[in-house]
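Just coords-v7.txt here, compact mmCIF, C-alpha atoms and all ligand atoms:
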# COMPACT_ATOMS: atom_id res chain seq x y z
CA MET A 1 41.07 -74.66 24.02
CA SER A 2 43.72 -74.12 21.33
CA ASN A 3 46.06 -71.17 21.87
CA LYS A 4 46.70 -70.90 18.12
CA ILE A 5 46.84 -67.30 16.94
CA LYS A 6 43.63 -66.50 15.04
CA THR A 7 43.99 -62.92 13.83
CA ILE A 8 47.02 -60.83 12.94
CA GLY A 9 47.50 -57.30 11.63
CA VAL A 10 50.03 -55.76 9.28
CA LEU A 11 51.09 -52.13 8.94
CA THR A 12 53.75 -50.08 7.15
CA SER A 13 55.42 -47.23 9.02
CA GLY A 14 58.06 -44.54 8.44
CA GLY A 15 59.22 -43.80 4.88
CA ASP A 16 57.68 -46.03 2.22
CA ALA A 17 60.00 -48.33 0.29
CA PRO A 18 59.57 -50.29 -2.95
CA GLY A 19 58.76 -53.89 -2.04
CA MET A 20 56.55 -53.04 0.94
CA ASN A 21 53.55 -54.23 -1.07
CA ALA A 22 55.26 -57.54 -1.77
CA ALA A 23 55.85 -57.90 1.98
CA ILE A 24 52.20 -57.09 2.80
CA ARG A 25 51.07 -59.60 0.17
CA ALA A 26 53.33 -62.26 1.69
CA VAL A 27 51.97 -61.62 5.21
CA VAL A 28 48.38 -61.82 3.96
CA ARG A 29 48.78 -64.97 1.88
CA ALA A 30 51.10 -66.80 4.30
CA GLY A 31 48.64 -65.96 7.09
CA ILE A 32 45.61 -67.18 5.16
CA ASP A 33 47.52 -70.34 4.27
CA LYS A 34 47.76 -71.05 8.02
CA GLY A 35 44.08 -70.34 8.58
CA ILE A 36 44.82 -66.94 10.16
CA ILE A 37 42.62 -63.88 9.56
CA VAL A 38 44.72 -60.90 8.41
CA LYS A 39 43.78 -57.27 8.96
CA GLY A 40 45.49 -54.28 7.38
CA ILE A 41 46.16 -51.20 9.49
CA GLN A 42 46.31 -48.11 7.30
CA LYS A 43 48.69 -45.16 7.79
CA GLY A 44 51.06 -46.78 10.27
CA TYR A 45 50.63 -46.21 14.01
CA ASN A 46 48.45 -43.19 13.21
CA GLY A 47 45.88 -45.45 11.60
CA LEU A 48 46.11 -47.88 14.50
CA LEU A 49 45.18 -45.11 16.93
CA ASN A 50 42.35 -43.93 14.67
CA GLY A 51 41.01 -47.43 14.03
CA ASP A 52 41.79 -47.35 10.28
CA ILE A 53 41.66 -51.13 10.07
CA ILE A 54 40.47 -53.18 7.10
CA ASP A 55 39.99 -56.89 6.41
CA LEU A 56 42.47 -58.29 3.91
CA THR A 57 41.83 -61.29 1.68
CA SER A 58 44.03 -62.95 -0.89
CA ARG A 59 42.29 -60.81 -3.51
CA SER A 60 43.01 -57.57 -1.61
CA VAL A 61 46.68 -58.04 -2.46
CA SER A 62 46.22 -59.15 -6.07
CA ASP A 63 48.14 -57.07 -8.58
CA THR A 64 50.31 -55.43 -5.92
CA ILE A 65 53.65 -57.29 -6.01
CA GLN A 66 54.90 -55.08 -8.83
CA ARG A 67 53.71 -51.77 -7.37
CA GLY A 68 55.89 -49.26 -5.54
CA GLY A 69 54.74 -47.41 -2.41
CA THR A 70 52.47 -49.12 0.09
CA ILE A 71 48.80 -49.99 -0.42
CA LEU A 72 48.34 -49.59 3.35
CA TYR A 73 49.74 -46.05 3.26
CA THR A 74 52.33 -45.00 5.81
CA ALA A 75 52.86 -42.24 8.34
CA ARG A 76 54.94 -40.98 11.18
CA CYS A 77 53.00 -40.71 14.44
CA LYS A 78 54.01 -38.48 17.36
CA GLU A 79 51.21 -39.67 19.65
CA PHE A 80 52.57 -43.21 19.51
CA MET A 81 55.80 -42.00 21.15
CA THR A 82 53.81 -41.53 24.38
CA LEU A 83 52.79 -44.27 26.84
CA GLU A 84 49.14 -43.22 26.48
CA GLY A 85 49.43 -43.59 22.71
CA GLN A 86 50.97 -47.04 23.05
CA GLN A 87 48.26 -48.17 25.49
CA LYS A 88 45.60 -46.85 23.13
CA GLY A 89 47.27 -48.74 20.25
CA ALA A 90 47.27 -52.00 22.20
CA ASP A 91 43.62 -51.48 23.18
CA MET A 92 42.75 -50.88 19.54
CA CYS A 93 44.46 -54.18 18.61
CA ARG A 94 42.48 -56.02 21.29
CA LYS A 95 39.22 -54.34 20.22
CA ASN A 96 39.80 -55.63 16.68
CA GLY A 97 40.88 -59.10 17.83
CA ILE A 98 44.45 -58.52 16.61
CA GLU A 99 46.72 -60.81 18.64
CA GLY A 100 49.87 -60.34 16.59
CA LEU A 101 51.18 -57.50 14.44
CA VAL A 102 53.72 -57.38 11.62
CA VAL A 103 55.37 -53.95 11.44
CA ILE A 104 57.15 -53.20 8.17
CA GLY A 105 59.49 -50.23 8.56
CA GLY A 106 62.77 -49.01 9.97
CA ASP A 107 64.40 -48.75 13.38
CA GLY A 108 61.88 -46.17 14.63
CA SER A 109 58.96 -48.39 13.67
CA PHE A 110 60.62 -51.33 15.45
CA MET A 111 60.87 -49.23 18.61
CA GLY A 112 57.12 -48.69 18.32
CA ALA A 113 56.66 -52.48 17.90
CA LYS A 114 58.64 -53.06 21.07
CA LYS A 115 56.39 -50.64 22.95
CA LEU A 116 53.29 -52.48 21.72
CA TYR A 117 54.83 -55.76 22.86
CA GLU A 118 55.25 -54.22 26.32
CA GLN A 119 51.49 -53.56 26.22
CA GLY A 120 50.78 -57.24 25.55
CA ILE A 121 50.61 -57.43 21.74
CA ASN A 122 52.81 -59.91 19.88
CA THR A 123 54.90 -57.99 17.38
CA ILE A 124 57.36 -58.84 14.62
CA GLY A 125 59.39 -56.26 12.68
CA VAL A 126 60.22 -56.60 8.98
CA PRO A 127 63.02 -54.28 7.75
CA GLY A 128 61.66 -51.90 5.11
CA THR A 129 63.71 -48.84 4.23
CA ILE A 130 65.67 -47.65 1.21
CA ASP A 131 68.46 -46.51 3.56
CA LEU A 132 69.88 -50.01 4.36
CA ASP A 133 70.62 -48.62 7.81
CA ILE A 134 69.23 -51.40 10.03
CA ALA A 135 72.22 -52.96 11.73
CA CYS A 136 70.94 -56.50 12.36
CA THR A 137 70.31 -57.25 8.69
CA ASP A 138 72.41 -57.31 5.51
CA TYR A 139 69.33 -56.28 3.53
CA THR A 140 66.40 -53.90 3.94
CA ILE A 141 63.42 -53.98 1.57
CA GLY A 142 63.61 -51.12 -0.93
CA PHE A 143 67.34 -50.60 -1.10
CA ASP A 144 67.96 -52.38 -4.40
CA THR A 145 65.19 -50.53 -6.22
CA ALA A 146 66.24 -47.17 -4.77
CA VAL A 147 69.90 -47.61 -5.59
CA ASN A 148 69.04 -48.67 -9.15
CA THR A 149 66.77 -45.65 -9.56
CA ALA A 150 69.55 -43.37 -8.33
CA MET A 151 72.14 -45.11 -10.51
CA GLU A 152 70.02 -44.69 -13.66
CA ALA A 153 69.42 -41.02 -12.87
CA ILE A 154 73.14 -40.42 -12.32
CA ASP A 155 73.96 -42.15 -15.64
CA LYS A 156 71.69 -39.59 -17.31
CA ILE A 157 73.35 -36.72 -15.49
CA ARG A 158 76.74 -38.07 -16.59
CA ASP A 159 75.69 -37.73 -20.27
CA THR A 160 74.99 -34.03 -19.96
CA SER A 161 77.88 -33.46 -17.55
CA THR A 162 80.36 -34.96 -20.05
CA SER A 163 78.85 -33.05 -22.98
CA HIS A 164 79.34 -29.74 -21.17
CA GLU A 165 82.60 -30.85 -19.50
CA ARG A 166 81.08 -29.94 -16.15
CA CYS A 167 81.38 -31.02 -12.58
CA SER A 168 78.11 -32.52 -11.29
CA ILE A 169 77.18 -33.02 -7.68
CA ILE A 170 74.35 -35.50 -7.19
CA GLU A 171 72.77 -35.73 -3.75
CA VAL A 172 71.20 -39.08 -2.92
CA MET A 173 68.97 -40.13 -0.01
CA GLY A 174 69.93 -42.25 2.97
CA ARG A 175 69.23 -40.08 6.01
CA ASN A 176 72.39 -40.48 8.15
CA ALA A 177 73.63 -43.51 6.21
CA GLY A 178 75.82 -43.53 3.11
CA TYR A 179 74.87 -46.89 1.56
CA ILE A 180 73.01 -45.49 -1.45
CA ALA A 181 75.83 -42.98 -1.99
CA LEU A 182 78.58 -45.59 -1.76
CA TRP A 183 76.82 -48.04 -4.06
CA CYS A 184 76.18 -45.27 -6.61
CA GLY A 185 79.76 -44.11 -6.20
CA ILE A 186 80.98 -47.52 -7.36
CA SER A 187 78.17 -48.30 -9.84
CA ASN A 188 78.25 -44.90 -11.52
CA GLY A 189 82.02 -44.59 -11.45
CA ALA A 190 81.94 -41.30 -9.58
CA GLU A 191 85.15 -39.37 -9.16
CA ASP A 192 84.35 -38.52 -5.53
CA VAL A 193 81.83 -39.76 -2.96
CA LEU A 194 80.93 -37.86 0.18
CA LEU A 195 79.73 -40.09 3.02
CA PRO A 196 78.46 -39.17 6.50
CA GLU A 197 80.10 -42.18 8.18
CA ILE A 198 83.68 -41.33 7.33
CA ASP A 199 85.92 -38.31 7.54
CA ASN A 200 84.87 -36.14 4.68
CA ILE A 201 87.15 -35.20 1.87
CA SER A 202 87.90 -31.54 2.53
CA GLU A 203 86.67 -28.92 0.06
CA GLU A 204 90.31 -28.13 -0.74
CA GLN A 205 90.94 -31.78 -1.58
CA LEU A 206 87.84 -31.95 -3.77
CA ILE A 207 88.95 -28.86 -5.66
CA GLN A 208 92.42 -30.35 -6.07
CA ASN A 209 90.90 -33.61 -7.40
CA ILE A 210 88.89 -31.72 -10.02
CA ILE A 211 91.92 -29.73 -11.20
CA GLU A 212 94.07 -32.87 -11.42
CA ASN A 213 91.37 -34.82 -13.26
CA ARG A 214 91.11 -32.05 -15.84
CA LYS A 215 94.86 -32.31 -16.39
CA LYS A 216 94.49 -36.09 -16.81
CA GLY A 217 91.92 -35.49 -19.56
CA LYS A 218 88.72 -36.36 -17.67
CA LYS A 219 85.72 -34.67 -19.30
CA HIS A 220 83.47 -34.58 -16.28
CA HIS A 221 83.71 -34.87 -12.53
CA LEU A 222 80.88 -36.68 -10.78
CA ILE A 223 80.52 -36.18 -7.06
CA VAL A 224 77.94 -38.37 -5.32
CA ASN A 225 76.96 -36.62 -2.13
CA ALA A 226 75.02 -38.36 0.63
CA GLU A 227 71.99 -36.57 2.08
CA GLY A 228 73.69 -36.85 5.49
CA ILE A 229 76.35 -34.43 4.22
CA GLY A 230 73.93 -32.25 2.20
CA LYS A 231 74.66 -28.62 1.17
CA SER A 232 75.13 -29.62 -2.48
CA GLU A 233 74.17 -26.22 -3.94
CA GLU A 234 76.58 -24.43 -1.65
CA LEU A 235 79.37 -26.83 -2.56
CA ALA A 236 78.69 -26.40 -6.29
CA LYS A 237 79.12 -22.62 -6.01
CA LYS A 238 82.39 -23.00 -4.09
CA ILE A 239 83.81 -25.51 -6.57
CA GLU A 240 82.90 -23.39 -9.59
CA ALA A 241 84.46 -20.28 -8.02
CA ALA A 242 87.68 -22.10 -7.09
CA THR A 243 88.20 -24.18 -10.26
CA GLY A 244 86.45 -22.24 -13.02
CA VAL A 245 84.75 -25.52 -13.95
CA GLU A 246 81.00 -25.09 -14.43
CA THR A 247 79.34 -27.02 -11.62
CA ARG A 248 75.72 -28.08 -11.14
CA ALA A 249 74.01 -29.71 -8.17
CA THR A 250 71.06 -32.12 -8.49
CA ILE A 251 69.13 -33.40 -5.51
CA LEU A 252 67.44 -36.65 -6.58
CA GLY A 253 64.97 -36.60 -3.67
CA HIS A 254 61.82 -38.69 -3.39
CA MET A 255 62.01 -40.20 -6.87
CA GLN A 256 64.38 -42.67 -5.17
CA ARG A 257 61.54 -44.01 -3.01
CA GLY A 258 59.14 -44.78 -5.86
CA GLY A 259 58.86 -47.19 -8.73
CA SER A 260 58.27 -50.86 -9.34
CA PRO A 261 60.41 -53.01 -7.02
CA THR A 262 63.26 -55.03 -8.50
CA ALA A 263 63.31 -58.84 -8.30
CA VAL A 264 65.72 -58.58 -5.35
CA ASP A 265 63.23 -56.47 -3.41
CA ARG A 266 60.25 -58.66 -4.34
CA MET A 267 62.16 -61.77 -3.25
CA HIS A 268 63.37 -60.49 0.11
CA ALA A 269 59.98 -58.90 0.83
CA SER A 270 58.13 -62.14 0.04
CA MET A 271 60.49 -64.27 2.13
CA MET A 272 60.60 -61.86 5.07
CA GLY A 273 56.82 -61.38 5.12
CA ALA A 274 56.24 -65.13 5.16
CA TYR A 275 58.96 -65.58 7.80
CA ALA A 276 57.25 -63.01 10.05
CA VAL A 277 53.98 -64.95 9.89
CA ASP A 278 55.83 -68.18 10.76
CA LEU A 279 57.21 -66.46 13.87
CA LEU A 280 53.80 -65.22 15.00
CA ALA A 281 52.20 -68.62 14.32
CA ASP A 282 54.99 -70.16 16.37
CA GLY A 283 54.03 -67.95 19.33
CA GLN A 284 57.08 -65.69 19.06
CA SER A 285 57.05 -61.97 19.71
CA ASN A 286 59.26 -58.89 19.98
CA ARG A 287 61.46 -60.15 17.12
CA VAL A 288 62.90 -58.57 13.96
CA VAL A 289 63.30 -60.57 10.76
CA ALA A 290 66.75 -60.23 9.20
CA TYR A 291 68.79 -61.49 6.25
CA LYS A 292 72.23 -62.37 7.51
CA ASP A 293 75.05 -64.20 5.69
CA GLY A 294 72.64 -65.54 3.08
CA LYS A 295 69.97 -66.78 5.50
CA TYR A 296 66.72 -65.45 6.97
CA VAL A 297 67.02 -65.23 10.74
CA ASP A 298 65.43 -63.25 13.58
CA PHE A 299 66.62 -61.21 16.54
CA ASP A 300 65.14 -59.81 19.71
CA ILE A 301 64.08 -56.22 18.89
CA MET A 302 66.28 -54.58 21.54
CA GLU A 303 69.26 -56.72 20.58
CA ALA A 304 68.67 -55.70 16.94
CA LEU A 305 68.37 -52.02 17.82
CA SER A 306 71.57 -52.06 19.88
CA MET A 307 73.67 -53.43 16.99
CA LYS A 308 76.02 -51.14 15.05
CA LYS A 309 76.62 -51.20 11.33
CA THR A 310 79.59 -49.76 9.46
CA LEU A 311 80.32 -49.28 5.79
CA ASP A 312 82.32 -52.09 4.22
CA GLN A 313 86.00 -51.14 4.17
CA PHE A 314 86.71 -53.18 1.02
CA GLN A 315 83.91 -51.36 -0.83
CA LEU A 316 85.31 -48.02 0.35
CA ASN A 317 88.80 -48.92 -0.88
CA VAL A 318 87.56 -50.17 -4.26
CA CYS A 319 85.43 -47.05 -4.68
CA LYS A 320 88.52 -44.89 -4.22
CA ILE A 321 90.84 -46.95 -6.45
CA LEU A 322 88.39 -47.16 -9.36
CA SER A 323 87.59 -43.44 -9.37
CA LYS A 324 91.06 -42.44 -10.54
P1 LIG B 401 61.57 -45.57 10.48
O1 LIG B 401 60.68 -46.66 10.96
O2 LIG B 401 61.72 -45.55 9.00
O3 LIG B 401 62.88 -45.53 11.23
P2 LIG B 401 60.68 -43.26 12.01
O4 LIG B 401 61.92 -43.18 12.81
O5 LIG B 401 60.10 -42.00 11.47
O6 LIG B 401 60.80 -44.18 10.74
O7 LIG B 401 59.60 -44.00 12.94
C1 LIG B 401 58.31 -44.29 12.43
C2 LIG B 401 57.29 -44.19 13.55
O8 LIG B 401 57.56 -45.19 14.54
C3 LIG B 401 57.27 -42.89 14.33
O9 LIG B 401 56.56 -41.87 13.70
C4 LIG B 401 56.58 -43.32 15.61
O10 LIG B 401 55.19 -43.39 15.44
C5 LIG B 401 57.13 -44.73 15.81
N1 LIG B 401 58.25 -44.66 16.77
C6 LIG B 401 59.53 -44.26 16.52
N2 LIG B 401 60.26 -44.26 17.65
C7 LIG B 401 59.43 -44.65 18.64
C8 LIG B 401 59.55 -44.82 20.06
N3 LIG B 401 60.71 -44.60 20.69
N4 LIG B 401 58.46 -45.23 20.75
C9 LIG B 401 57.30 -45.46 20.13
N5 LIG B 401 57.10 -45.30 18.81
C10 LIG B 401 58.14 -44.91 18.08
O1 LIG B 402 64.16 -43.26 5.44
C1 LIG B 402 63.87 -43.08 4.08
C2 LIG B 402 64.07 -41.64 3.69
O2 LIG B 402 63.75 -41.49 2.32
C3 LIG B 402 65.47 -41.09 3.97
O3 LIG B 402 66.41 -41.48 3.00
C4 LIG B 402 65.21 -39.62 4.02
O4 LIG B 402 66.14 -38.96 4.84
C5 LIG B 402 63.83 -39.52 4.62
O5 LIG B 402 63.21 -40.79 4.44
C6 LIG B 402 62.97 -38.45 4.00
O6 LIG B 402 61.78 -38.38 4.70
P1 LIG B 402 60.50 -37.57 4.19
O7 LIG B 402 59.81 -38.41 3.17
O8 LIG B 402 59.67 -37.39 5.42
O9 LIG B 402 60.99 -36.30 3.60

Have the structure of the file written as structure tokens, please.
Amino acid sequence: MSNKIKTIGVLTSGGDAPGMNAAIRAVVRAGIDKGIIVKGIQKGYNGLLNGDIIDLTSRSVSDTIQRGGTILYTARCKEFMTLEGQQKGADMCRKNGIEGLVVIGGDGSFMGAKKLYEQGINTIGVPGTIDLDIACTDYTIGFDTAVNTAMEAIDKIRDTSTSHERCSIIEVMGRNAGYIALWCGISNGAEDVLLPEIDNISEEQLIQNIIENRKKGKKHHLIVNAEGIGKSEELAKKIEAATGVETRATILGHMQRGGSPTAVDRMHASMMGAYAVDLLADGQSNRVVAYKDGKYVDFDIMEALSMKKTLDQFQLNVCKILSK
């Protein structure tokens, strides 16, 4: 009897990210191309436990590559953090004939995939998060779209900030990571960027920078603040009181997670989704797909989760030099 994998599942978990649909589409169509039946699990691990499982055909993913969000919905699931939950999840896979599962999400979702693997289900992780905070990979699906959305919003804020000669603090997402903030800092030409990974610029220093920039003739002062630092409103009040420069804080929030994915996101999502199916068809399990040094590769989940990622020192230096 052939031991070829016959049925796989795909789910999205954690925060949604633009390009997740392109990844789902790639899993479905690459699977079907290999004669594999593909099932969609709705609402992440929650849906797995509740049996929210649907059959997916090539047509189910028509007209989705350009859509933001995830057609499979997503969720965070506390029950899946327990051994009972993980056993129930594996049983649900077996009940539905699912021999292999592609999990599109972040580090937390990969931890869940590892637990399912320990319960006998083949699992492959695909990195999907706007935060770019997965250490084993140079790219995570959703980052490019999110950073472009944030950049465009900050450009708009710059128009009004310059017109009123104000200081503007713009808080961007990223959880504990500063990638969106750093990229916006450079792309928007911000005067200051506050990042959770590095020693923060003190409030005194920020105030000094604003005063000096005014003397140099700058008409606005843009501060990109990472969510991991937060407290933007509080900071705005302090700056205004200390400098006399009108200061406004804007928290961009969830708009950064939505919208039609860029070509970069559609490409990586398509390639990574297809790569994940290749791994499952090849009998591999407990792996994470990654994009490293210009190539698609894969790592053992635990090895991937134990890796550390730091902000690029050259980018940090350039950000500082160009803000003057
Ligand atoms: P992300 O995948 O974006 O990092 P979360 O950290 O919120 O998002 O994780 C998504 C889901 O993955 C959690 O709600 C939970 O169901 C599952 N998960 C996270 N950590 C674990 C763990 N240690 N064991 C089992 N499941 C986990
Ligand atoms: O991980 C993606 C992300 O958008 C983070 O940048 C942010 O910290 C978090 O999710 C917000 O989560 P929620 O949608 O549950 O508010």

Q | Near-ligand residues for ligand LIG 402 (chain B), threshold 7 Å, all atoms listed in the file, as a VMD selection string | A | chain A and resid 14 to 15 129 to 131 173 to 175 227 254 257

Include C-alpha atoms and write out the residues we just selected as a short mmCIF file (atom, residue, chain, number, x, y, z; two decimals), in the frame of the given file.
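The resulting file, result.cif, is reproduced below:
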data_model
loop_
_atom_site.label_atom_id
_atom_site.label_comp_id
_atom_site.auth_asym_id
_atom_site.auth_seq_id
_atom_site.Cartn_x
_atom_site.Cartn_y
_atom_site.Cartn_z
CA GLY A 14 58.06 -44.54 8.44
CA GLY A 15 59.22 -43.80 4.88
CA THR A 129 63.71 -48.84 4.23
CA ILE A 130 65.67 -47.65 1.21
CA ASP A 131 68.46 -46.51 3.56
CA MET A 173 68.97 -40.13 -0.01
CA GLY A 174 69.93 -42.25 2.97
CA ARG A 175 69.23 -40.08 6.01
CA GLU A 227 71.99 -36.57 2.08
CA HIS A 254 61.82 -38.69 -3.39
CA ARG A 257 61.54 -44.01 -3.01
#

Dump as JSON lines the rows for residues of chain A within 6 Å of ligand LIG 401 (chain B): closest atom pair and distance in Å with one decimal, only C-alpha atoms and all ligand atoms counted, ordered by chain and rising residue number.
{"residue": "A:Ser13", "atom": "CA", "partner": "B:LIG401", "partner_atom": "C1", "distance": 5.4}
{"residue": "A:Gly14", "atom": "CA", "partner": "B:LIG401", "partner_atom": "O6", "distance": 3.6}
{"residue": "A:Gly15", "atom": "CA", "partner": "B:LIG401", "partner_atom": "O2", "distance": 5.1}
{"residue": "A:Tyr45", "atom": "CA", "partner": "B:LIG401", "partner_atom": "O10", "distance": 5.5}
{"residue": "A:Arg76", "atom": "CA", "partner": "B:LIG401", "partner_atom": "O9", "distance": 3.1}
{"residue": "A:Cys77", "atom": "CA", "partner": "B:LIG401", "partner_atom": "O10", "distance": 3.6}
{"residue": "A:Lys78", "atom": "CA", "partner": "B:LIG401", "partner_atom": "O10", "distance": 5.4}
{"residue": "A:Phe80", "atom": "CA", "partner": "B:LIG401", "partner_atom": "O10", "distance": 4.8}
{"residue": "A:Met81", "atom": "CA", "partner": "B:LIG401", "partner_atom": "C9", "distance": 3.9}
{"residue": "A:Gly105", "atom": "CA", "partner": "B:LIG401", "partner_atom": "O1", "distance": 4.5}
{"residue": "A:Gly106", "atom": "CA", "partner": "B:LIG401", "partner_atom": "O1", "distance": 3.3}
{"residue": "A:Asp107", "atom": "CA", "partner": "B:LIG401", "partner_atom": "O3", "distance": 4.2}
{"residue": "A:Gly108", "atom": "CA", "partner": "B:LIG401", "partner_atom": "O4", "distance": 3.5}
{"residue": "A:Ser109", "atom": "CA", "partner": "B:LIG401", "partner_atom": "O8", "distance": 3.6}
{"residue": "A:Met111", "atom": "CA", "partner": "B:LIG401", "partner_atom": "C7", "distance": 4.8}
{"residue": "A:Gly112", "atom": "CA", "partner": "B:LIG401", "partner_atom": "N5", "distance": 3.4}
{"residue": "A:Lys115", "atom": "CA", "partner": "B:LIG401", "partner_atom": "C9", "distance": 6.0}

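Residues in contact with Ile211 of chain A at 12 Å, where all atoms listed in the file are counted and same-chain residues fewer than 2 positions away are skipped, are listed as Arg166, Cys167, Glu191, Glu204, Gln205, Leu206, Ile207, Gln208, Asn209, Asn213, Arg214, Lys215, Lys216, Gly217, Lys218, Lys219, His220, His221, Ile239, Glu240, Ala242, Thr243, Gly244 and Val245 of chain A.
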
Q: Please write as an MDAnalysis selection string the list of polymer residues whose atoms come within 12 Å of (45.9, -45.5, 21.6), counting only C-alpha atoms and keeping to the coordinates of the file.
A: chainID A and resid 45:51 77:95 115:116 119

Q: Can you pull out every residue within 10 Å of Gly230 of chain A, counting only C-alpha atoms, but drop anything in the same chain fewer than 5 positions away, and send it as a ChimeraX atom specification?
A: /A:170-173,175,194-196,225,235,251

Q | Protein/DNA/RNA residues near (74.6, -49.3, -11.3), cut 10 Å, only C-alpha atoms, as a PyMOL selection string | A | chain A and resi 147-155+183-189

Would you place a box with edges along x, y and z of the file around all atoms of segment 257-262 of chain A listed there, add 4 Å to each of its six sides, and report the centre and edge lengths in Å to one decimal, as lines of an AutoDock Vina configuration file?
center_x = 60.8
center_y = -49.5
center_z = -6.2
size_x = 13.0
size_y = 19.0
size_z = 14.3

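We find atom CA of Ile169 of chain A and atom CA of Gly142 of chain A to be spaced 23.6 Å apart.
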
Q.
Residues within 8 Å of Phe110 of chain A, please, as a ChimeraX atom specification. Count all atoms listed in the file; anything in the same chain fewer than 4 positions from it doesn't count.
A. /A:103,105-106,114,125,288,301

Check which residues of segment 268-312 of chain A sit at most 7 Å from segment 25-31 of chain A using all atoms listed in the file, and return one row each with the closest pair of atoms and their distance in Å to one decimal, ordered by chain and rising number, as a tab-separated table.
residue	atom	partner	partner_atom	distance
A:Ser270	CA	A:Ala26	CA	5.1
A:Gly273	CA	A:Val27	CA	4.9
A:Ala274	CA	A:Ala26	CA	5.4
A:Val277	CA	A:Val27	CA	6.1

Q. With all atoms listed in the file as the atoms that count, which of A:Thr247, A:Thr262, A:Thr12, A:Asn96 lies nearest to Arg67 of chain A?
A. A:Thr262

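Pairwise distance (atom CA of Leu322 of chain A, atom CA of Ala226 of chain A) equals 18.9 Å.
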
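The space between atom CA of Asn286 of chain A and atom CA of Asp265 of chain A spans 23.8 Å.
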
Leaving out Asp312 of chain A and any residue of its chain fewer than 3 positions from it, which residues lie within 10 Å of it when counting all atoms listed in the file, given as a short mmCIF file (atom, residue, chain, number, x, y, z; two decimals) with C-alpha atoms, in the frame of the given file?
data_model
loop_
_atom_site.label_atom_id
_atom_site.label_comp_id
_atom_site.auth_asym_id
_atom_site.auth_seq_id
_atom_site.Cartn_x
_atom_site.Cartn_y
_atom_site.Cartn_z
CA TYR A 179 74.87 -46.89 1.56
CA LEU A 182 78.58 -45.59 -1.76
CA LYS A 309 76.62 -51.20 11.33
CA GLN A 315 83.91 -51.36 -0.83
CA LEU A 316 85.31 -48.02 0.35
CA ASN A 317 88.80 -48.92 -0.88
#

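Of the residues under consideration (A:Glu212, A:Glu203, A:Asp133, A:Asp282), A:Glu203 shows the shortest atom-to-atom contact distance to Glu234 of chain A when counting all atoms listed in the file.
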
Q. Out of A:Thr162, A:Ile37, A:Ser260, A:Leu222, which residue has the shortest atom-to-atom distance to Leu56 of chain A when counting all atoms listed in the file?
A. A:Ile37

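Closest to Gly19 of chain A among A:Gly283, A:Gly253, A:Gly178, A:Pro261 is A:Pro261, based on only C-alpha atoms.
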
Q.
Between A:Cys136, A:Ser60, A:Val10, A:Lys238, which residue has the minimum interatomic distance to Ala276 of chain A, considering only C-alpha atoms?
A. A:Val10

Near Gln66 of chain A, within 12 Å and counting all atoms listed in the file, which residues show up once chain neighbours fewer than 4 positions away are dropped, as a compact mmCIF listing (two decimals) with C-alpha atoms, in the coordinates of the input?
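Produced file selection_30.txt, reproduced below:
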# COMPACT_ATOMS: atom_id res chain seq x y z
CA PRO A 18 59.57 -50.29 -2.95
CA GLY A 19 58.76 -53.89 -2.04
CA MET A 20 56.55 -53.04 0.94
CA ASN A 21 53.55 -54.23 -1.07
CA ALA A 22 55.26 -57.54 -1.77
CA ALA A 23 55.85 -57.90 1.98
CA ARG A 25 51.07 -59.60 0.17
CA VAL A 61 46.68 -58.04 -2.46
CA SER A 62 46.22 -59.15 -6.07
CA THR A 70 52.47 -49.12 0.09
CA ILE A 71 48.80 -49.99 -0.42
CA THR A 145 65.19 -50.53 -6.22
CA GLY A 258 59.14 -44.78 -5.86
CA GLY A 259 58.86 -47.19 -8.73
CA SER A 260 58.27 -50.86 -9.34
CA PRO A 261 60.41 -53.01 -7.02
CA THR A 262 63.26 -55.03 -8.50
CA ALA A 263 63.31 -58.84 -8.30
CA VAL A 264 65.72 -58.58 -5.35
CA ASP A 265 63.23 -56.47 -3.41
CA ARG A 266 60.25 -58.66 -4.34
CA MET A 267 62.16 -61.77 -3.25
CA ALA A 269 59.98 -58.90 0.83
CA SER A 270 58.13 -62.14 0.04

Fill-in result for segment 152-158 of chain A, N, CA and C atoms as a PDB file, in the coordinates of the input:
ATOM      1  N   GLU A 152      70.483 -45.035 -12.311  1.00  0.00           N
ATOM      2  CA  GLU A 152      70.020 -44.690 -13.660  1.00  0.00           C
ATOM      3  C   GLU A 152      69.953 -43.171 -13.839  1.00  0.00           C
ATOM      4  N   ALA A 153      69.507 -42.486 -12.795  1.00  0.00           N
ATOM      5  CA  ALA A 153      69.420 -41.020 -12.870  1.00  0.00           C
ATOM      6  C   ALA A 153      70.823 -40.418 -13.012  1.00  0.00           C
ATOM      7  N   ILE A 154      71.770 -40.967 -12.266  1.00  0.00           N
ATOM      8  CA  ILE A 154      73.140 -40.420 -12.320  1.00  0.00           C
ATOM      9  C   ILE A 154      73.778 -40.705 -13.684  1.00  0.00           C
ATOM     10  N   ASP A 155      73.481 -41.876 -14.266  1.00  0.00           N
ATOM     11  CA  ASP A 155      73.960 -42.150 -15.640  1.00  0.00           C
ATOM     12  C   ASP A 155      73.495 -41.053 -16.587  1.00  0.00           C
ATOM     13  N   LYS A 156      72.256 -40.628 -16.418  1.00  0.00           N
ATOM     14  CA  LYS A 156      71.690 -39.590 -17.310  1.00  0.00           C
ATOM     15  C   LYS A 156      72.413 -38.261 -17.065  1.00  0.00           C
ATOM     16  N   ILE A 157      72.651 -37.977 -15.805  1.00  0.00           N
ATOM     17  CA  ILE A 157      73.350 -36.720 -15.490  1.00  0.00           C
ATOM     18  C   ILE A 157      74.768 -36.762 -16.069  1.00  0.00           C
ATOM     19  N   ARG A 158      75.379 -37.938 -16.042  1.00  0.00           N
ATOM     20  CA  ARG A 158      76.740 -38.070 -16.590  1.00  0.00           C
ATOM     21  C   ARG A 158      76.769 -37.672 -18.077  1.00  0.00           C
TER      22      ARG A 158
END
